[in-house]
>>> print(open('my_file24.json').read())   # JSON, C-alpha atoms
[["chain", "number", "residue", "atom", "x", "y", "z"],
["Q", 64, "MET", "CA", 29.05, -6.28, -16.63],
["Q", 65, "LYS", "CA", 28.20, -8.71, -13.83],
["Q", 66, "GLN", "CA", 25.92, -11.52, -14.98],
["Q", 67, "ALA", "CA", 22.78, -12.70, -13.22],
["Q", 68, "PRO", "CA", 23.01, -15.92, -11.19],
["Q", 69, "ASP", "CA", 21.66, -19.17, -12.57],
["Q", 70, "ILE", "CA", 18.12, -19.41, -11.22],
["Q", 71, "TYR", "CA", 18.18, -23.17, -11.84],
["Q", 72, "ASP", "CA", 20.48, -23.46, -8.85],
["Q", 73, "TYR", "CA", 17.39, -22.59, -6.78],
["Q", 74, "LEU", "CA", 14.45, -23.99, -8.74],
["Q", 75, "GLU", "CA", 13.87, -27.17, -10.67],
["Q", 76, "ARG", "CA", 12.67, -26.90, -14.26],
["Q", 77, "ASP", "CA", 9.48, -28.82, -13.51],
["Q", 78, "GLU", "CA", 8.73, -26.39, -10.66],
["Q", 79, "ILE", "CA", 9.11, -23.46, -13.02],
["Q", 80, "ALA", "CA", 6.89, -25.17, -15.57],
["Q", 81, "ARG", "CA", 4.23, -25.76, -12.91],
["Q", 82, "LEU", "CA", 4.39, -22.17, -11.66],
["Q", 83, "SER", "CA", 4.10, -20.91, -15.24],
["Q", 84, "GLU", "CA", 0.82, -22.75, -15.86],
["Q", 85, "LYS", "CA", -2.06, -20.38, -16.53],
["Q", 86, "SER", "CA", -5.63, -20.82, -15.35],
["Q", 87, "ASP", "CA", -8.51, -19.04, -17.07],
["Q", 88, "ALA", "CA", -10.65, -19.67, -13.99],
["Q", 89, "ARG", "CA", -8.15, -18.02, -11.62],
["Q", 90, "ALA", "CA", -7.60, -15.17, -14.06],
["Q", 91, "LEU", "CA", -11.34, -14.55, -14.32],
["Q", 92, "GLY", "CA", -11.56, -14.65, -10.53],
["Q", 93, "THR", "CA", -8.83, -12.02, -10.28],
["Q", 94, "LEU", "CA", -10.57, -9.83, -12.84],
["Q", 95, "ALA", "CA", -13.99, -10.31, -11.23],
["Q", 96, "LEU", "CA", -12.68, -9.23, -7.82],
["Q", 97, "GLN", "CA", -11.25, -5.99, -9.17],
["Q", 98, "LEU", "CA", -14.39, -5.21, -11.16],
["Q", 99, "ALA", "CA", -16.51, -5.96, -8.08],
["Q", 100, "LEU", "CA", -14.44, -3.54, -5.98],
["Q", 101, "PHE", "CA", -14.75, -0.90, -8.70],
["Q", 102, "ILE", "CA", -18.54, -1.29, -8.81],
["Q", 103, "ALA", "CA", -18.75, -1.43, -5.01],
["Q", 104, "ALA", "CA", -16.96, 1.91, -4.72],
["Q", 105, "PHE", "CA", -19.68, 3.60, -6.79],
["Q", 106, "ALA", "CA", -22.48, 1.66, -5.08],
["Q", 107, "LEU", "CA", -21.17, 2.68, -1.66],
["Q", 108, "VAL", "CA", -21.18, 6.38, -2.37],
["Q", 109, "ILE", "CA", -24.52, 6.30, -4.19],
["Q", 110, "ALA", "CA", -26.26, 4.43, -1.39],
["Q", 111, "TRP", "CA", -24.51, 6.20, 1.49],
["Q", 112, "SER", "CA", -23.25, 9.60, 0.43],
["Q", 113, "ASN", "CA", -21.18, 11.40, 3.05],
["Q", 114, "PRO", "CA", -17.60, 12.70, 3.29],
["Q", 115, "PHE", "CA", -16.24, 9.40, 4.60],
["Q", 116, "SER", "CA", -17.84, 7.25, 1.89],
["Q", 117, "ILE", "CA", -16.80, 9.69, -0.83],
["Q", 118, "VAL", "CA", -13.16, 9.63, 0.26],
["Q", 119, "LEU", "CA", -13.20, 5.83, 0.61],
["Q", 120, "ALA", "CA", -14.80, 5.44, -2.83],
["Q", 121, "ILE", "CA", -12.19, 7.69, -4.45],
["Q", 122, "LEU", "CA", -9.35, 5.73, -2.83],
["Q", 123, "LEU", "CA", -10.92, 2.43, -3.92],
["Q", 124, "ILE", "CA", -11.33, 3.68, -7.48],
["Q", 125, "GLY", "CA", -7.73, 4.91, -7.54],
["Q", 126, "GLY", "CA", -6.59, 1.47, -6.42],
["Q", 127, "ARG", "CA", -8.72, -0.17, -9.11],
["Q", 128, "ILE", "CA", -7.24, 2.04, -11.82],
["Q", 129, "GLN", "CA", -3.89, 0.74, -10.59],
["Q", 130, "ALA", "CA", -5.26, -2.83, -10.68],
["Q", 131, "PHE", "CA", -6.55, -2.42, -14.23],
["Q", 132, "GLY", "CA", -3.14, -1.20, -15.31],
["Q", 133, "VAL", "CA", -1.47, -4.15, -13.59],
["Q", 134, "LEU", "CA", -3.80, -6.64, -15.29],
["Q", 135, "THR", "CA", -3.16, -4.96, -18.64],
["Q", 136, "HIS", "CA", 0.54, -5.51, -17.95],
["Q", 137, "ASP", "CA", -0.13, -9.20, -17.26],
["Q", 138, "CYS", "CA", -2.20, -9.53, -20.45],
["Q", 139, "ALA", "CA", 0.61, -7.87, -22.40],
["Q", 140, "HIS", "CA", 2.93, -10.62, -21.17],
["Q", 141, "GLY", "CA", 0.30, -13.24, -22.03],
["Q", 142, "SER", "CA", 0.60, -14.41, -18.43],
["Q", 143, "LEU", "CA", -2.90, -13.79, -17.04],
["Q", 144, "PHE", "CA", -5.12, -16.14, -19.04],
["Q", 145, "ARG", "CA", -4.26, -19.47, -20.59],
["Q", 146, "SER", "CA", -6.11, -18.42, -23.73],
["Q", 147, "PRO", "CA", -4.16, -15.92, -25.89],
["Q", 148, "TRP", "CA", -7.49, -14.62, -27.18],
["Q", 149, "LEU", "CA", -8.66, -13.79, -23.66],
["Q", 150, "ASN", "CA", -5.39, -12.02, -22.89],
["Q", 151, "ARG", "CA", -5.85, -9.86, -25.97],
["Q", 152, "PHE", "CA", -9.57, -9.21, -25.46],
["Q", 153, "VAL", "CA", -9.47, -8.46, -21.74],
["Q", 154, "GLY", "CA", -6.23, -6.52, -22.04],
["Q", 155, "ARG", "CA", -7.61, -4.30, -24.80],
["Q", 156, "TRP", "CA", -11.34, -3.96, -24.13],
["Q", 157, "ILE", "CA", -11.71, -4.27, -20.35],
["Q", 158, "VAL", "CA", -8.68, -3.57, -18.16],
["Q", 159, "GLY", "CA", -6.71, -1.64, -20.77],
["Q", 160, "ALA", "CA", -9.76, 0.48, -21.53],
["Q", 161, "ALA", "CA", -10.48, 1.22, -17.86],
["Q", 162, "GLY", "CA", -6.83, 1.85, -17.06],
["Q", 163, "HIS", "CA", -6.19, 4.11, -20.08],
["Q", 164, "VAL", "CA", -3.49, 1.72, -21.33],
["Q", 165, "PRO", "CA", -3.49, 0.84, -25.07],
["Q", 166, "LEU", "CA", -2.48, -2.82, -24.98],
["Q", 167, "GLU", "CA", -0.37, -3.16, -28.13],
["Q", 168, "ALA", "CA", 1.61, 0.06, -27.67],
["Q", 169, "TYR", "CA", 2.21, -0.81, -24.05],
["Q", 170, "ARG", "CA", 3.37, -4.33, -24.91],
["Q", 171, "ARG", "CA", 5.99, -3.05, -27.37],
["Q", 172, "TYR", "CA", 7.33, -0.55, -24.87],
["Q", 173, "HIS", "CA", 7.23, -2.76, -21.80],
["Q", 174, "LEU", "CA", 8.97, -5.75, -23.32],
["Q", 175, "GLU", "CA", 11.92, -3.46, -24.04],
["Q", 176, "HIS", "CA", 12.08, -2.74, -20.32],
["Q", 177, "HIS", "CA", 12.34, -6.45, -19.54],
["Q", 178, "ARG", "CA", 14.84, -7.03, -22.30],
["Q", 179, "HIS", "CA", 17.16, -4.25, -21.12],
["Q", 180, "ALA", "CA", 16.66, -4.13, -17.33],
["Q", 181, "GLY", "CA", 20.02, -3.51, -15.68],
["Q", 182, "THR", "CA", 21.44, -1.68, -18.71],
["Q", 183, "ASP", "CA", 21.47, 1.87, -20.04],
["Q", 184, "ASP", "CA", 18.99, 0.83, -22.72],
["Q", 185, "ASP", "CA", 16.17, 0.27, -20.22],
["Q", 186, "PRO", "CA", 13.42, 2.71, -21.36],
["Q", 187, "ASP", "CA", 12.06, 2.96, -17.78],
["Q", 188, "LYS", "CA", 15.38, 3.81, -16.17],
["Q", 189, "TRP", "CA", 14.96, 7.58, -16.44],
["Q", 190, "MET", "CA", 11.89, 7.43, -14.17],
["Q", 191, "VAL", "CA", 13.82, 6.18, -11.15],
["Q", 192, "LYS", "CA", 17.50, 6.85, -11.79],
["Q", 193, "ALA", "CA", 17.64, 9.77, -9.32],
["Q", 194, "TYR", "CA", 16.53, 7.76, -6.30],
["Q", 195, "PRO", "CA", 17.14, 8.01, -3.44],
["Q", 196, "VAL", "CA", 16.23, 11.71, -3.48],
["Q", 197, "GLN", "CA", 16.21, 14.33, -0.79],
["Q", 198, "ALA", "CA", 13.13, 14.38, 1.42],
["Q", 199, "SER", "CA", 12.15, 17.80, 0.12],
["Q", 200, "SER", "CA", 12.31, 16.53, -3.47],
["Q", 201, "LEU", "CA", 10.14, 13.51, -2.69],
["Q", 202, "LYS", "CA", 7.63, 15.78, -0.97],
["Q", 203, "ARG", "CA", 7.44, 18.01, -4.06],
["Q", 204, "LYS", "CA", 6.85, 15.00, -6.31],
["Q", 205, "PHE", "CA", 3.94, 13.69, -4.26],
["Q", 206, "THR", "CA", 2.56, 17.21, -3.85],
["Q", 207, "ARG", "CA", 2.39, 17.50, -7.65],
["Q", 208, "ASP", "CA", 0.63, 14.15, -7.78],
["Q", 209, "LEU", "CA", -1.93, 14.87, -5.07],
["Q", 210, "THR", "CA", -2.76, 18.35, -6.37],
["Q", 211, "GLY", "CA", -3.55, 17.04, -9.84],
["Q", 212, "GLN", "CA", -0.56, 18.54, -11.66],
["Q", 213, "THR", "CA", 0.83, 15.13, -12.70],
["Q", 214, "GLY", "CA", -2.59, 13.76, -13.60],
["Q", 215, "ILE", "CA", -3.55, 16.73, -15.75],
["Q", 216, "ARG", "CA", -0.16, 16.65, -17.49],
["Q", 217, "ASP", "CA", -0.62, 12.96, -18.29],
["Q", 218, "LEU", "CA", -4.21, 13.48, -19.46],
["Q", 219, "LEU", "CA", -3.12, 16.24, -21.83],
["Q", 220, "ARG", "CA", -0.46, 13.90, -23.20],
["Q", 221, "GLU", "CA", -3.16, 11.28, -23.81],
["Q", 222, "VAL", "CA", -5.28, 13.84, -25.64],
["Q", 223, "LYS", "CA", -2.39, 14.98, -27.82],
["Q", 224, "THR", "CA", -1.49, 11.42, -28.82],
["Q", 225, "PHE", "CA", -5.09, 10.23, -29.18],
["Q", 226, "SER", "CA", -6.01, 7.82, -31.94],
["Q", 227, "LEU", "CA", -9.28, 5.95, -32.29],
["Q", 228, "ALA", "CA", -7.46, 2.67, -32.99],
["Q", 229, "ALA", "CA", -5.47, 2.85, -29.75],
["Q", 230, "ASN", "CA", -7.83, 4.77, -27.47],
["Q", 231, "GLY", "CA", -11.23, 3.73, -28.78],
["Q", 232, "PRO", "CA", -11.70, 1.12, -26.02],
["Q", 233, "THR", "CA", -11.15, 3.81, -23.37],
["Q", 234, "LEU", "CA", -13.77, 6.06, -24.99],
["Q", 235, "LEU", "CA", -16.21, 3.16, -24.96],
["Q", 236, "PHE", "CA", -15.45, 2.44, -21.30],
["Q", 237, "HIS", "CA", -16.22, 6.02, -20.31],
["Q", 238, "ALA", "CA", -19.40, 6.10, -22.38],
["Q", 239, "LEU", "CA", -20.64, 2.90, -20.70],
["Q", 240, "LEU", "CA", -19.65, 4.10, -17.21],
["Q", 241, "ALA", "CA", -21.39, 7.46, -17.65],
["Q", 242, "ALA", "CA", -24.48, 5.85, -19.20],
["Q", 243, "THR", "CA", -24.76, 3.30, -16.38],
["Q", 244, "LEU", "CA", -24.48, 5.95, -13.69],
["Q", 245, "ALA", "CA", -27.01, 8.14, -15.49],
["Q", 246, "ALA", "CA", -29.40, 5.19, -15.74],
["Q", 247, "VAL", "CA", -29.37, 4.77, -11.94],
["Q", 248, "GLY", "CA", -29.82, 8.51, -11.42],
["Q", 249, "ALA", "CA", -26.27, 9.16, -10.21],
["Q", 250, "ILE", "CA", -24.43, 10.77, -13.13],
["Q", 251, "TRP", "CA", -22.72, 12.99, -10.56],
["Q", 252, "ALA", "CA", -20.76, 9.93, -9.38],
["Q", 253, "TYR", "CA", -18.94, 9.84, -12.72],
["Q", 254, "ALA", "CA", -16.79, 12.69, -11.40],
["Q", 255, "LEU", "CA", -15.36, 10.33, -8.79],
["Q", 256, "PHE", "CA", -13.49, 8.43, -11.47],
["Q", 257, "TRP", "CA", -11.76, 11.59, -12.62],
["Q", 258, "VAL", "CA", -10.94, 12.73, -9.10],
["Q", 259, "ALA", "CA", -9.29, 9.35, -8.53],
["Q", 260, "ARG", "CA", -7.59, 9.36, -11.92],
["Q", 261, "LEU", "CA", -6.18, 12.88, -11.64],
["Q", 262, "PHE", "CA", -5.47, 13.24, -7.92],
["Q", 263, "ILE", "CA", -4.97, 9.76, -6.41],
["Q", 264, "TYR", "CA", -3.73, 7.37, -9.08],
["Q", 265, "PRO", "CA", -0.58, 9.38, -9.97],
["Q", 266, "ALA", "CA", 0.67, 9.12, -6.38],
["Q", 267, "ILE", "CA", -0.12, 5.39, -6.22],
["Q", 268, "HIS", "CA", 1.62, 4.83, -9.54],
["Q", 269, "ARG", "CA", 4.70, 6.78, -8.45],
["Q", 270, "LEU", "CA", 4.95, 4.78, -5.24],
["Q", 271, "ARG", "CA", 4.76, 1.57, -7.25],
["Q", 272, "GLN", "CA", 7.51, 2.76, -9.63],
["Q", 273, "ILE", "CA", 9.76, 3.66, -6.70],
["Q", 274, "SER", "CA", 9.22, 0.28, -5.07],
["Q", 275, "GLU", "CA", 10.05, -1.64, -8.26],
["Q", 276, "HIS", "CA", 13.28, -0.03, -9.42],
["Q", 277, "GLY", "CA", 13.83, 3.14, -7.38],
["Q", 278, "VAL", "CA", 15.09, 1.64, -4.12],
["Q", 279, "VAL", "CA", 17.56, -0.93, -5.41],
["Q", 280, "PRO", "CA", 21.28, -1.36, -4.77],
["Q", 281, "ASN", "CA", 22.46, -1.14, -8.38],
["Q", 282, "ARG", "CA", 20.40, -0.43, -11.50],
["Q", 283, "ASP", "CA", 23.43, -1.07, -13.72],
["Q", 284, "VAL", "CA", 23.82, -4.84, -13.29],
["Q", 285, "LEU", "CA", 21.84, -7.78, -14.66],
["Q", 286, "ASP", "CA", 21.20, -9.51, -11.32],
["Q", 287, "ALA", "CA", 17.49, -8.92, -10.55],
["Q", 288, "ARG", "CA", 18.28, -8.95, -6.82],
["Q", 289, "LEU", "CA", 20.26, -5.77, -7.37],
["Q", 290, "ASN", "CA", 18.25, -3.93, -10.04],
["Q", 291, "THR", "CA", 14.67, -4.78, -8.97],
["Q", 292, "GLY", "CA", 12.74, -4.76, -5.70],
["Q", 293, "THR", "CA", 9.87, -6.66, -4.10],
["Q", 294, "THR", "CA", 7.60, -5.25, -1.41],
["Q", 295, "ILE", "CA", 5.66, -7.22, 1.20],
["Q", 296, "PRO", "CA", 2.61, -5.03, 1.83],
["Q", 297, "ARG", "CA", 0.06, -4.86, 4.61],
["Q", 298, "TRP", "CA", -3.50, -5.91, 3.74],
["Q", 299, "TRP", "CA", -4.69, -2.35, 3.18],
["Q", 300, "GLU", "CA", -1.66, -1.60, 1.01],
["Q", 301, "ARG", "CA", -2.66, -4.56, -1.17],
["Q", 302, "LEU", "CA", -6.12, -3.05, -1.51],
["Q", 303, "PHE", "CA", -5.12, 0.51, -2.33],
["Q", 304, "ILE", "CA", -1.54, 0.41, -3.67],
["Q", 305, "SER", "CA", -0.37, -3.03, -4.84],
["Q", 306, "PRO", "CA", -3.30, -5.14, -6.05],
["Q", 307, "CYS", "CA", -3.02, -8.36, -8.07],
["Q", 308, "ASN", "CA", 0.36, -9.31, -6.53],
["Q", 309, "VAL", "CA", 2.16, -6.56, -8.42],
["Q", 310, "ASN", "CA", 4.35, -6.12, -5.34],
["Q", 311, "TYR", "CA", 6.31, -9.28, -6.31],
["Q", 312, "HIS", "CA", 8.15, -7.38, -9.00],
["Q", 313, "LEU", "CA", 11.55, -9.00, -8.56],
["Q", 314, "GLU", "CA", 9.98, -12.45, -8.98],
["Q", 315, "HIS", "CA", 8.17, -11.19, -12.07],
["Q", 316, "HIS", "CA", 11.44, -10.03, -13.61],
["Q", 317, "ILE", "CA", 12.99, -13.44, -13.05],
["Q", 318, "PHE", "CA", 10.07, -15.27, -14.69],
["Q", 319, "ALA", "CA", 7.76, -12.96, -16.58],
["Q", 320, "ALA", "CA", 5.70, -15.95, -17.76],
["Q", 321, "VAL", "CA", 4.57, -16.81, -14.22],
["Q", 322, "PRO", "CA", 0.99, -15.55, -13.78],
["Q", 323, "PRO", "CA", 0.30, -13.09, -10.95],
["Q", 324, "TYR", "CA", -1.67, -15.61, -8.89],
["Q", 325, "HIS", "CA", 1.44, -17.86, -8.66],
["Q", 326, "LEU", "CA", 3.92, -15.13, -7.72],
["Q", 327, "PRO", "CA", 3.43, -15.51, -3.93],
["Q", 328, "GLN", "CA", 4.32, -19.21, -4.21],
["Q", 329, "LEU", "CA", 7.37, -18.39, -6.32],
["Q", 330, "HIS", "CA", 8.44, -15.85, -3.69],
["Q", 331, "ARG", "CA", 8.08, -18.39, -0.87],
["Q", 332, "LEU", "CA", 10.18, -20.97, -2.70],
["Q", 333, "LEU", "CA", 12.95, -18.46, -3.38],
["Q", 334, "VAL", "CA", 12.96, -17.34, 0.27],
["Q", 335, "GLU", "CA", 13.10, -20.93, 1.53],
["Q", 336, "ARG", "CA", 16.01, -21.77, -0.78],
["Q", 337, "GLY", "CA", 18.10, -18.75, 0.08],
["Q", 338, "TYR", "CA", 17.92, -16.90, -3.22],
["Q", 339, "PHE", "CA", 17.57, -13.55, -1.47],
["Q", 340, "SER", "CA", 20.15, -14.25, 1.25],
["Q", 341, "GLY", "CA", 22.70, -11.46, 1.56],
["Q", 342, "HIS", "CA", 20.62, -9.08, -0.58],
["Q", 343, "ASP", "CA", 18.55, -6.15, 0.68],
["Q", 344, "CYS", "CA", 15.98, -6.29, -2.11],
["Q", 345, "ILE", "CA", 12.76, -6.85, -0.13],
["Q", 346, "ALA", "CA", 10.93, -3.92, 1.47],
["Q", 347, "HIS", "CA", 8.37, -4.54, 4.20],
["Q", 348, "GLY", "CA", 5.51, -2.13, 3.64],
["Q", 349, "PHE", "CA", 5.46, 1.03, 1.59],
["Q", 350, "ASP", "CA", 6.66, 3.11, 4.51],
["Q", 351, "ASP", "CA", 9.87, 1.09, 4.18],
["Q", 352, "VAL", "CA", 9.90, 1.92, 0.46],
["Q", 353, "LEU", "CA", 9.62, 5.64, 1.21],
["Q", 354, "ARG", "CA", 12.37, 5.39, 3.82],
["Q", 355, "ARG", "CA", 14.68, 3.73, 1.31],
["Q", 356, "ALA", "CA", 13.77, 6.32, -1.34],
["Q", 357, "THR", "CA", 14.71, 9.27, 0.87],
["Q", 358, "ARG", "CA", 18.01, 10.72, 1.91],
["Q", 359, "PRO", "CA", 18.55, 13.72, 4.22],
["Q", 360, "ASN", "CA", 18.11, 17.16, 2.67],
["Q", 361, "ASP", "CA", 21.67, 18.08, 3.61],
["Q", 362, "GLU", "CA", 23.20, 14.96, 2.04],
["Q", 363, "PRO", "CA", 25.04, 15.81, -1.20],
["Q", 364, "VAL", "CA", 24.00, 14.23, -4.48],
["Q", 365, "ALA", "CA", 26.39, 11.48, -5.58],
["Q", 366, "ALA", "CA", 28.55, 12.30, -8.56]]
>>> encode(input="my_file24.json", output="structure tokens")
Amino acid sequence: MKQAPDIYDYLERDEIARLSEKSDARALGTLALQLALFIAAFALVIAWSNPFSIVLAILLIGGRIQAFGVLTHDCAHGSLFRSPWLNRFVGRWIVGAAGHVPLEAYRRYHLEHHRHAGTDDDPDKWMVKAYPVQASSLKRKFTRDLTGQTGIRDLLREVKTFSLAANGPTLLFHALLAATLAAVGAIWAYALFWVARLFIYPAIHRLRQISEHGVVPNRDVLDARLNTGTTIPRWWERLFISPCNVNYHLEHHIFAAVPPYHLPQLHRLLVERGYFSGHDCIAHGFDDVLRRATRPNDEPVAA
């Protein structure tokens, strides 16, 4: 099996050490922004209720559910906060609770993905191994997402595997959210979370999965430039699809210890020093991701 290149040919060790430094202040700023957007979505629709504000609020909430999942991922790596205690607390009781992601179970599973990326033992490989798919197949997948079929399936799975130890924080989150909305006379707005969770988030999550490992040259080698992708999104794609710099997934696979707020700088250094030269591993916008993920309906499936 082809080995990954030596990243130290492109970066100095002191640069990597500097990029890996965590900042509790920057982490709290990242968290505060996502929480503010989440609250603003509800405030918008409560103060100004019309079809446009309702749709915008649902899309914002769907993007924040994505953001909470991303930040749980960063806490699982211990790469968001400098303080291990804050990573555990925020990952379990705030972002993990809001994103329906039990921190400890997720950490065990996800670290296996990093350990085995580029091999048949990657536990995430089954999700993307069929890409690129025919246009009709991709349309069916997103239709299932946007009509709630995927979301309801996943919710039923959560219910079947429920345990108070793992899912207690999520129950508390929902109790607090419902109680807060009831206190301001807008309990009806609680339904917006579930509309976003069941009908919007699954499509956003699928698009993220495709961008990370579904549109790559070769999922069976260890070189991250071949088994992982990065996407450079437009501003509105950052807001709704790829918050918290999750789009720099290739860079994250190279150095999982680098916190999300340093990933753009890591990307710029690697571009400047030619690490990506000769490799088609960077998509420009999620329309580019969808183009790469699609092949003509009449094109035969590879053996």
>>> atom_distance(input="my_file24.json", atom1="CA of Ala238 (chain Q)", atom2="CA of Leu218 (chain Q)")
17.1 Å
>>> residues_around(input="my_file24.json", residues="region 178-180 of chain Q", least_positions_apart="5", cutoff="8 Å", atoms="all atoms listed in the file", output="list in words")
Asp185, Pro186, Arg282, Leu285 and Asn290 of chain Q
>>> closest_atom_pairs(input="my_file24.json", of="region 117-191 of chain Q", to="region 94-108 of chain Q", cutoff="12 Å", atoms="only C-alpha atoms", output="tab-separated table")
residue	atom	partner	partner_atom	distance
Q:Ile117	CA	Q:Val108	CA	5.7
Q:Val118	CA	Q:Val108	CA	9.0
Q:Leu119	CA	Q:Ala104	CA	7.6
Q:Ala120	CA	Q:Ala104	CA	4.5
Q:Ile121	CA	Q:Ala104	CA	7.5
Q:Leu122	CA	Q:Ala104	CA	8.7
Q:Leu123	CA	Q:Ala104	CA	6.1
Q:Ile124	CA	Q:Phe101	CA	5.8
Q:Gly125	CA	Q:Phe101	CA	9.2
Q:Gly126	CA	Q:Phe101	CA	8.8
Q:Arg127	CA	Q:Phe101	CA	6.1
Q:Ile128	CA	Q:Phe101	CA	8.6
Q:Gln129	CA	Q:Gln97	CA	10.1
Q:Ala130	CA	Q:Gln97	CA	6.9
Q:Phe131	CA	Q:Gln97	CA	7.8
Q:Gly132	CA	Q:Gln97	CA	11.2
Q:Val133	CA	Q:Leu94	CA	10.8
Q:Leu134	CA	Q:Leu94	CA	7.9
Q:Thr135	CA	Q:Leu94	CA	10.6
Q:Asp137	CA	Q:Leu94	CA	11.4
Q:Cys138	CA	Q:Leu94	CA	11.3
Q:Leu143	CA	Q:Leu94	CA	9.6
Q:Phe144	CA	Q:Leu94	CA	10.4
Q:Leu149	CA	Q:Leu94	CA	11.7
Q:Asn150	CA	Q:Leu94	CA	11.5
Q:Val153	CA	Q:Leu94	CA	9.1
Q:Gly154	CA	Q:Leu94	CA	10.7
Q:Ile157	CA	Q:Leu94	CA	9.4
Q:Val158	CA	Q:Leu94	CA	8.4
Q:Ala161	CA	Q:Leu98	CA	10.1
Q:Gly162	CA	Q:Phe101	CA	11.8
>>> closest_residue(input="my_file24.json", among="Q:Thr243, Q:His276, Q:Trp257, Q:Leu227", to="Gly181 (chain Q)", atoms="all atoms listed in the file")
Q:His276
>>> closest_residue(input="my_file24.json", among="Q:Trp111, Q:Ala160, Q:Arg331, Q:Ala259", to="Leu240 (chain Q)", atoms="all atoms listed in the file")
Q:Ala160
>>> closest_residue(input="my_file24.json", among="Q:Lys85, Q:Lys223, Q:His237, Q:Lys192", to="Glu275 (chain Q)", atoms="only C-alpha atoms")
Q:Lys192
>>> closest_residue(input="my_file24.json", among="Q:Ala241, Q:Ile345, Q:Leu91, Q:Leu261", to="Arg145 (chain Q)", atoms="only C-alpha atoms")
Q:Leu91
>>> closest_residue(input="my_file24.json", among="Q:Glu175, Q:Asp351, Q:Asp187, Q:Glu84", to="Ser274 (chain Q)", atoms="all atoms listed in the file")
Q:Asp351
>>> atom_distance(input="my_file24.json", atom1="CA of His330 (chain Q)", atom2="CA of Glu314 (chain Q)")
6.5 Å
>>> atom_distance(input="my_file24.json", atom1="CA of Thr233 (chain Q)", atom2="CA of Arg155 (chain Q)")
9.0 Å
>>> residues_near_point(input="my_file24.json", point="(5.9, 6.0, -7.9)", cutoff="12 Å", atoms="only C-alpha atoms", output="PyMOL selection string")
chain Q and resi 129+190-191+194+201+204-205+208+213+263-278+304-305+349+352-353+356
>>> closest_residue(input="my_file24.json", among="Q:Tyr73, Q:Phe256, Q:Trp189, Q:Phe262", to="Arg216 (chain Q)", atoms="only C-alpha atoms")
Q:Phe262
>>> residues_around(input="my_file24.json", residues="Ala287 (chain Q)", least_positions_apart="3", cutoff="12 Å", atoms="all atoms listed in the file", output="count of residues only")
37
>>> residues_around(input="my_file24.json", residues="region 78-80 of chain Q", least_positions_apart="4", cutoff="10 Å", atoms="all atoms listed in the file", output="ChimeraX atom specification")
/Q:71,74,84,318,320-321,329,332
